[in-house]
Amino acid sequence: MRIVVSGGGTGGHIYPALALIREIQKVNKDAEFLYIGTEQGLEGKLVRRENIPFESIHITGFKRKLSFENVKTIYRFLKGVSRSKKLLKEFNADVVIGTGGYVCGPVVYAAAKLGIPSIIHEQNSIPGLTNKFLSRYVDKIAICFKEAEGFFPKEKVVFTGNPRASEVLNQDGKQGRESVGLRLDVPAVLIFGGSRGARPINEAVIKSFSEFSGKPYQVLYVTGDAHFDAVKKEVELVGSPHNVVIKPFVHNMPEVLAGIDLTVARAGATTLAELTALGIPSILIPSPYVTNNHQEKNARSLSEHGAARLLLEKDLTSKRLVEEIDKIFMDEDLLQSMKKSAEDLGVRDAAGRLYQVMIDLAN
Ligand SMILES: CC(=O)N[C@H]1[C@@H](OP(=O)(O)OP(=O)(O)OC[C@H]2O[C@@H](n3ccc(=O)[nH]c3=O)[C@H](O)[C@@H]2O)O[C@H](CO)[C@@H](O)[C@@H]1O
């Protein structure tokens with residue numbers, strides 16, 4: 001099968017695409033892949049690291065306000081469609097899947113216009129602009145939250161879950177801990193703000209450093225690549241406790257997650273798919289800066305089930321952050337019940353389900 005995958009901008013769209021590719025490679029040695037992304041997004045870097053054939057197109061997103069930029073965006077979209085058509089024909093694609101981000105717009109639209117079977121994968125509980133637009137043209141829409149169903153034509157929707165949930169399974173947590181310098185004998189909390197890091201979380205974490213120093217747990221704090229230098233400067237001023245490990249980005253997240261007892265994170269949909277697949281309790285601080293506040297809705301679907309505790313950014317202080325972590329670590333019953341509730345929500349066979357949708361369509 002010749003498969004074109006497109007998805008970009010942030011890790012939340014790219015990691016599900018990569019997970020899907022890796023899972024298909026395991027079961028179908030003859031499958032061939034072409035990834036179409038942009039040069040500006042994280043995908044150029046992440047996909048090339050995996051030695052997957054990569055082609056790029058130039059595209060930007062629509063501004064919600066009326067502006068001349070939107071005229072340029074329409075022009076880039078049309079140019080992107082024509083380049084995508086050329087790439088799809090040259091590659092002779094059997095099926096095309098978009099996992100989100102602006103770049104999927106022209107690629108998946110071009111596939112639909114050429115009559116190539118097409119799918120979009122919506123990770124979130126509320127879809128973004130690109131997927132809403134594409135839903136009119138594609139053959140199937142794979143979703144990860146039941147709440148997303150109502151936004152799409154009913155007959156096209158299929159619940160698959162997020163392929164990243166399958167990829168994080170069966171990893172070696174001991175190796176994960178050792179790879180980032182965490183001790184093996186003390187509980188560990190991972191704190192990170194999505195694939196790009198989040199300044200409000202960074203600010204609260206740095207202010208918590210003095211409190212962390214006496215705690216019976218250790219902290220793996222991932223700042224996000226772009227924030228690392230600024231954080232390092234501030235940390236030099238306040239000093240870093242011996243039980244806090246600081247990293248700009250973690251490339252082996254599946255392995256690291258396998259060694260983690262509790263997570264503090266934004267509520268990006270792919271992160272949530274990983275946490276539920278592994279049954280990791282979490283404190284979720286949804287980003288209020290995303291379309292239709294979709295992260296809060298993502299987060300509530302876990303917190304209402306007892307799998308996570310919700311901490312809104314407006315209530316985030318260093319004191320509250322440490323209190324929330326302590327509350328869970330000091331109460332073994334709470335920790336275990338959150339673990340179990342998270343596990344109940346995991347869709348661990350998501351990659352296989354999504355691949356099956358692709359096979360059915362291509363045939
Ligand atoms: C600001 C924004 O628009 N965020 C969106 C983006 O989030 P974002 O890109 O942050 O996506 P997620 O939180 O869903 O996923 C992050 C991914 O990056 C990985 N990771 C993260 C940090 C790190 O150091 N190493 C690493 O590998 C995580 O394990 C996960 O696989 O896409 C998500 C999925 O559509 C959306 O729900 C989010 O609202």
# chains A, B, ... in the order shown; residues from 1 in each chain; ligands from 1
$ residues_near_ligand --ligand "ligand 1" --cutoff "8 Å" --atoms "only C-alpha atoms and all ligand atoms" --output "PyMOL selection string"
chain A and resi 9-16+100-101+122-124+164+192-197+222-225+247-254+265-274+287+289-291+294-295+298
$ select_by_dssp --residues "stretch 94-139 of chain A" --states "alpha helix (DSSP H)" --output "PyMOL selection string"
chain A and resi 104-114+129-134
$ write_last_selection --atoms "C-alpha atoms" --output "short mmCIF file (atom, residue, chain, number, x, y, z; two decimals), in the first residue's frame"
data_model
loop_
_atom_site.label_atom_id
_atom_site.label_comp_id
_atom_site.auth_asym_id
_atom_site.auth_seq_id
_atom_site.Cartn_x
_atom_site.Cartn_y
_atom_site.Cartn_z
CA CYS A 104 -3.44 19.00 5.75
CA GLY A 105 -5.81 21.45 4.06
CA PRO A 106 -4.32 21.47 0.56
CA VAL A 107 -2.94 17.91 0.73
CA VAL A 108 -6.15 16.16 1.77
CA TYR A 109 -8.32 18.41 -0.40
CA ALA A 110 -6.12 17.56 -3.42
CA ALA A 111 -6.50 13.84 -2.65
CA ALA A 112 -10.29 14.12 -2.49
CA LYS A 113 -10.38 16.02 -5.79
CA LEU A 114 -8.21 13.35 -7.44
CA LEU A 129 -10.88 24.91 11.28
CA THR A 130 -8.92 22.75 8.82
CA ASN A 131 -10.62 19.51 9.77
CA LYS A 132 -14.07 21.10 9.74
CA PHE A 133 -13.38 22.33 6.21
CA LEU A 134 -11.99 18.97 5.07
#
$ residues_around --residues "stretch 67-78 of chain A" --least-positions-apart "6" --cutoff "7 Å" --atoms "only C-alpha atoms" --output "list of chain:residue names"
A:His58, A:Ile59, A:Thr60, A:Gly61, A:Pro106
$ select_by_dssp --residues "stretch 53-248 of chain A" --states "strand (DSSP E or B)" --output "VMD selection string"
chain A and resid 54 to 56 95 to 98 118 to 122 140 to 143 157 to 159 188 to 192 218 to 222 244 to 247
$ write_last_selection --atoms "N, CA and C atoms" --output "mmCIF file, in the first residue's frame"
data_model
loop_
_atom_site.group_PDB
_atom_site.id
_atom_site.type_symbol
_atom_site.label_atom_id
_atom_site.label_comp_id
_atom_site.auth_asym_id
_atom_site.auth_seq_id
_atom_site.Cartn_x
_atom_site.Cartn_y
_atom_site.Cartn_z
ATOM 1 N N PHE A 54 10.174 12.841 2.922
ATOM 2 C CA PHE A 54 9.464 14.064 3.325
ATOM 3 C C PHE A 54 9.472 15.078 2.200
ATOM 4 N N GLU A 55 8.312 15.625 1.866
ATOM 5 C CA GLU A 55 8.212 16.721 0.905
ATOM 6 C C GLU A 55 7.483 17.859 1.595
ATOM 7 N N SER A 56 7.810 19.098 1.192
ATOM 8 C CA SER A 56 7.147 20.206 1.879
ATOM 9 C C SER A 56 6.342 21.078 0.923
ATOM 10 N N VAL A 95 -3.908 5.831 -0.565
ATOM 11 C CA VAL A 95 -4.729 6.428 0.480
ATOM 12 C C VAL A 95 -3.964 7.614 1.093
ATOM 13 N N VAL A 96 -4.727 8.626 1.510
ATOM 14 C CA VAL A 96 -4.102 9.826 2.083
ATOM 15 C C VAL A 96 -4.756 10.103 3.429
ATOM 16 N N ILE A 97 -3.912 10.345 4.435
ATOM 17 C CA ILE A 97 -4.469 10.664 5.760
ATOM 18 C C ILE A 97 -3.868 11.956 6.305
ATOM 19 N N GLY A 98 -4.707 12.804 6.839
ATOM 20 C CA GLY A 98 -4.264 14.060 7.456
ATOM 21 C C GLY A 98 -4.498 13.999 8.949
ATOM 22 N N SER A 118 -9.517 9.247 1.152
ATOM 23 C CA SER A 118 -8.892 10.175 2.101
ATOM 24 C C SER A 118 -9.561 10.118 3.476
ATOM 25 N N ILE A 119 -8.727 10.382 4.487
ATOM 26 C CA ILE A 119 -9.171 10.307 5.889
ATOM 27 C C ILE A 119 -8.603 11.509 6.639
ATOM 28 N N ILE A 120 -9.354 12.022 7.584
ATOM 29 C CA ILE A 120 -8.718 12.930 8.552
ATOM 30 C C ILE A 120 -8.803 12.299 9.936
ATOM 31 N N HIS A 121 -7.766 12.582 10.728
ATOM 32 C CA HIS A 121 -7.735 12.091 12.105
ATOM 33 C C HIS A 121 -7.859 13.306 13.013
ATOM 34 N N GLU A 122 -8.950 13.358 13.773
ATOM 35 C CA GLU A 122 -9.171 14.491 14.685
ATOM 36 C C GLU A 122 -8.848 14.037 16.104
ATOM 37 N N LYS A 140 -13.544 9.408 5.250
ATOM 38 C CA LYS A 140 -13.717 8.981 6.650
ATOM 39 C C LYS A 140 -13.101 10.006 7.600
ATOM 40 N N ILE A 141 -13.688 10.075 8.793
ATOM 41 C CA ILE A 141 -13.174 10.975 9.831
ATOM 42 C C ILE A 141 -12.959 10.133 11.087
ATOM 43 N N ALA A 142 -11.706 9.985 11.474
ATOM 44 C CA ALA A 142 -11.388 9.166 12.651
ATOM 45 C C ALA A 142 -11.319 10.077 13.865
ATOM 46 N N ILE A 143 -12.035 9.716 14.923
ATOM 47 C CA ILE A 143 -12.052 10.588 16.110
ATOM 48 C C ILE A 143 -11.518 9.864 17.352
ATOM 49 N N VAL A 157 -18.029 9.233 10.309
ATOM 50 C CA VAL A 157 -17.252 9.202 11.554
ATOM 51 C C VAL A 157 -16.982 7.782 12.034
ATOM 52 N N VAL A 158 -15.739 7.548 12.446
ATOM 53 C CA VAL A 158 -15.392 6.268 13.057
ATOM 54 C C VAL A 158 -14.471 6.530 14.259
ATOM 55 N N PHE A 159 -14.788 5.898 15.371
ATOM 56 C CA PHE A 159 -13.993 6.114 16.584
ATOM 57 C C PHE A 159 -12.781 5.179 16.555
ATOM 58 N N ALA A 188 8.376 9.743 40.798
ATOM 59 C CA ALA A 188 8.773 10.837 39.897
ATOM 60 C C ALA A 188 7.551 11.503 39.274
ATOM 61 N N VAL A 189 7.572 12.837 39.293
ATOM 62 C CA VAL A 189 6.532 13.603 38.590
ATOM 63 C C VAL A 189 7.170 14.287 37.384
ATOM 64 N N LEU A 190 6.491 14.182 36.257
ATOM 65 C CA LEU A 190 6.947 14.848 35.031
ATOM 66 C C LEU A 190 6.111 16.105 34.850
ATOM 67 N N ILE A 191 6.790 17.244 34.629
ATOM 68 C CA ILE A 191 6.063 18.492 34.376
ATOM 69 C C ILE A 191 6.466 19.008 32.997
ATOM 70 N N PHE A 192 5.493 19.190 32.110
ATOM 71 C CA PHE A 192 5.805 19.785 30.800
ATOM 72 C C PHE A 192 4.581 20.479 30.225
ATOM 73 N N GLN A 218 10.850 13.124 43.157
ATOM 74 C CA GLN A 218 11.724 13.881 42.256
ATOM 75 C C GLN A 218 10.901 14.426 41.092
ATOM 76 N N VAL A 219 11.460 15.464 40.461
ATOM 77 C CA VAL A 219 10.730 16.168 39.405
ATOM 78 C C VAL A 219 11.543 16.136 38.116
ATOM 79 N N LEU A 220 10.895 15.714 37.025
ATOM 80 C CA LEU A 220 11.501 15.886 35.709
ATOM 81 C C LEU A 220 10.766 17.043 35.064
ATOM 82 N N TYR A 221 11.466 18.128 34.844
ATOM 83 C CA TYR A 221 10.845 19.358 34.355
ATOM 84 C C TYR A 221 11.341 19.628 32.936
ATOM 85 N N VAL A 222 10.407 19.560 31.965
ATOM 86 C CA VAL A 222 10.758 19.777 30.559
ATOM 87 C C VAL A 222 10.231 21.147 30.149
ATOM 88 N N VAL A 244 15.470 17.904 41.212
ATOM 89 C CA VAL A 244 14.815 18.392 39.985
ATOM 90 C C VAL A 244 15.779 18.229 38.810
ATOM 91 N N VAL A 245 15.303 17.542 37.768
ATOM 92 C CA VAL A 245 16.092 17.395 36.534
ATOM 93 C C VAL A 245 15.430 18.285 35.483
ATOM 94 N N ILE A 246 16.222 19.114 34.810
ATOM 95 C CA ILE A 246 15.642 20.028 33.819
ATOM 96 C C ILE A 246 16.108 19.637 32.414
ATOM 97 N N LYS A 247 15.158 19.545 31.475
ATOM 98 C CA LYS A 247 15.491 19.217 30.077
ATOM 99 C C LYS A 247 14.743 20.175 29.154
#
$ residues_around --residues "A:Leu311" --least-positions-apart "3" --cutoff "8 Å" --atoms "only C-alpha atoms" --output "short mmCIF file (atom, residue, chain, number, x, y, z; two decimals) with C-alpha atoms, in the first residue's frame"
data_model
loop_
_atom_site.label_atom_id
_atom_site.label_comp_id
_atom_site.auth_asym_id
_atom_site.auth_seq_id
_atom_site.Cartn_x
_atom_site.Cartn_y
_atom_site.Cartn_z
CA ILE A 283 -2.82 17.40 36.95
CA LEU A 284 -3.99 19.16 33.79
CA ILE A 285 -3.55 22.88 33.14
CA PRO A 286 -5.39 23.38 29.82
CA ASP A 315 -5.76 29.55 39.36
CA LEU A 316 -2.17 28.46 38.72
#
$ atom_distance --atom1 "atom CA of A:Glu178" --atom2 "atom CA of A:Tyr217"
15.8 Å
$ residues_around --residues "A:Pro163" --least-positions-apart "2" --cutoff "9 Å" --atoms "only C-alpha atoms" --output "ChimeraX atom specification"
/A:15-20,23,160-161,165-167,270,273,347-354
$ write_last_selection --atoms "N, CA and C atoms" --output "PDB file, in the first residue's frame"
ATOM      1  N   TYR A  15       3.165  13.541  16.151  1.00  0.00           N
ATOM      2  CA  TYR A  15       3.442  12.255  16.799  1.00  0.00           C
ATOM      3  C   TYR A  15       2.396  11.177  16.481  1.00  0.00           C
ATOM      4  N   PRO A  16       1.092  11.521  16.387  1.00  0.00           N
ATOM      5  CA  PRO A  16       0.141  10.471  15.978  1.00  0.00           C
ATOM      6  C   PRO A  16       0.441   9.950  14.575  1.00  0.00           C
ATOM      7  N   ALA A  17       0.872  10.868  13.679  1.00  0.00           N
ATOM      8  CA  ALA A  17       1.197  10.463  12.308  1.00  0.00           C
ATOM      9  C   ALA A  17       2.398   9.517  12.313  1.00  0.00           C
ATOM     10  N   LEU A  18       3.424   9.873  13.085  1.00  0.00           N
ATOM     11  CA  LEU A  18       4.621   9.022  13.146  1.00  0.00           C
ATOM     12  C   LEU A  18       4.305   7.675  13.789  1.00  0.00           C
ATOM     13  N   ALA A  19       3.462   7.717  14.826  1.00  0.00           N
ATOM     14  CA  ALA A  19       3.096   6.464  15.503  1.00  0.00           C
ATOM     15  C   ALA A  19       2.358   5.554  14.532  1.00  0.00           C
ATOM     16  N   LEU A  20       1.467   6.132  13.737  1.00  0.00           N
ATOM     17  CA  LEU A  20       0.710   5.337  12.768  1.00  0.00           C
ATOM     18  C   LEU A  20       1.679   4.692  11.759  1.00  0.00           C
ATOM     19  N   GLU A  23       3.623   1.838  13.359  1.00  0.00           N
ATOM     20  CA  GLU A  23       2.791   0.655  13.614  1.00  0.00           C
ATOM     21  C   GLU A  23       2.501  -0.079  12.305  1.00  0.00           C
ATOM     22  N   THR A 160     -11.580   5.753  16.502  1.00  0.00           N
ATOM     23  CA  THR A 160     -10.378   4.899  16.461  1.00  0.00           C
ATOM     24  C   THR A 160      -9.476   5.119  17.672  1.00  0.00           C
ATOM     25  N   GLY A 161      -9.516   6.317  18.250  1.00  0.00           N
ATOM     26  CA  GLY A 161      -8.515   6.679  19.248  1.00  0.00           C
ATOM     27  C   GLY A 161      -7.260   7.186  18.542  1.00  0.00           C
ATOM     28  N   ALA A 165      -1.327   6.238  21.387  1.00  0.00           N
ATOM     29  CA  ALA A 165      -1.678   5.419  22.558  1.00  0.00           C
ATOM     30  C   ALA A 165      -1.106   4.013  22.405  1.00  0.00           C
ATOM     31  N   SER A 166      -1.039   3.520  21.173  1.00  0.00           N
ATOM     32  CA  SER A 166      -0.491   2.172  20.953  1.00  0.00           C
ATOM     33  C   SER A 166       1.028   2.194  21.055  1.00  0.00           C
ATOM     34  N   GLU A 167       1.606   3.288  20.578  1.00  0.00           N
ATOM     35  CA  GLU A 167       3.069   3.349  20.507  1.00  0.00           C
ATOM     36  C   GLU A 167       3.746   3.437  21.871  1.00  0.00           C
ATOM     37  N   THR A 270      -2.992  14.590  22.271  1.00  0.00           N
ATOM     38  CA  THR A 270      -2.071  13.452  22.123  1.00  0.00           C
ATOM     39  C   THR A 270      -1.439  13.102  23.464  1.00  0.00           C
ATOM     40  N   ALA A 273      -3.941  11.054  25.278  1.00  0.00           N
ATOM     41  CA  ALA A 273      -4.026   9.678  24.766  1.00  0.00           C
ATOM     42  C   ALA A 273      -2.903   8.822  25.356  1.00  0.00           C
ATOM     43  N   VAL A 347      -7.310   3.967  24.888  1.00  0.00           N
ATOM     44  CA  VAL A 347      -7.706   3.208  23.685  1.00  0.00           C
ATOM     45  C   VAL A 347      -6.410   2.655  23.100  1.00  0.00           C
ATOM     46  N   ARG A 348      -5.983   1.515  23.632  1.00  0.00           N
ATOM     47  CA  ARG A 348      -4.642   1.023  23.348  1.00  0.00           C
ATOM     48  C   ARG A 348      -4.469   0.401  21.959  1.00  0.00           C
ATOM     49  N   ASP A 349      -5.588   0.022  21.316  1.00  0.00           N
ATOM     50  CA  ASP A 349      -5.451  -0.575  19.980  1.00  0.00           C
ATOM     51  C   ASP A 349      -5.747   0.452  18.878  1.00  0.00           C
ATOM     52  N   ALA A 350      -5.554   1.739  19.197  1.00  0.00           N
ATOM     53  CA  ALA A 350      -5.930   2.807  18.267  1.00  0.00           C
ATOM     54  C   ALA A 350      -5.216   2.701  16.908  1.00  0.00           C
ATOM     55  N   ALA A 351      -3.919   2.405  16.925  1.00  0.00           N
ATOM     56  CA  ALA A 351      -3.172   2.375  15.659  1.00  0.00           C
ATOM     57  C   ALA A 351      -3.740   1.304  14.731  1.00  0.00           C
ATOM     58  N   GLY A 352      -4.038   0.123  15.291  1.00  0.00           N
ATOM     59  CA  GLY A 352      -4.603  -0.965  14.490  1.00  0.00           C
ATOM     60  C   GLY A 352      -5.974  -0.592  13.941  1.00  0.00           C
ATOM     61  N   ARG A 353      -6.772   0.062  14.769  1.00  0.00           N
ATOM     62  CA  ARG A 353      -8.111   0.467  14.322  1.00  0.00           C
ATOM     63  C   ARG A 353      -8.021   1.446  13.152  1.00  0.00           C
ATOM     64  N   LEU A 354      -7.088   2.397  13.274  1.00  0.00           N
ATOM     65  CA  LEU A 354      -6.964   3.417  12.218  1.00  0.00           C
ATOM     66  C   LEU A 354      -6.436   2.786  10.927  1.00  0.00           C
TER      67      LEU A 354
END
$ residues_around --residues "A:Arg309" --least-positions-apart "6" --cutoff "9 Å" --atoms "only C-alpha atoms" --output "CSV table (one decimal) with C-alpha atoms, in the first residue's frame"
chain,number,residue,atom,x,y,z
A,281,PRO,CA,-2.6,10.2,36.9
A,282,SER,CA,-2.3,13.8,35.9
A,283,ILE,CA,-2.8,17.4,36.9
A,284,LEU,CA,-4.0,19.2,33.8
A,285,ILE,CA,-3.5,22.9,33.1
A,299,ALA,CA,-9.2,17.9,30.2
A,300,ARG,CA,-12.7,17.7,31.6
A,302,LEU,CA,-10.5,13.0,32.1
A,303,SER,CA,-11.2,15.0,35.3
A,324,GLU,CA,-1.8,19.5,44.0
A,338,MET,CA,-6.7,8.0,39.4
$ closest_residue --among "A:Asp139, A:Ser301, A:Ser318, A:Gln25" --to "A:Asp360" --atoms "only C-alpha atoms"
A:Asp139
$ closest_residue --among "A:Gly8, A:Asp30, A:Ile21, A:Lys156" --to "A:Gly44" --atoms "only C-alpha atoms"
A:Gly8
$ atom_distance --atom1 "atom CA of A:Phe151" --atom2 "atom CA of A:Tyr102"
18.4 Å
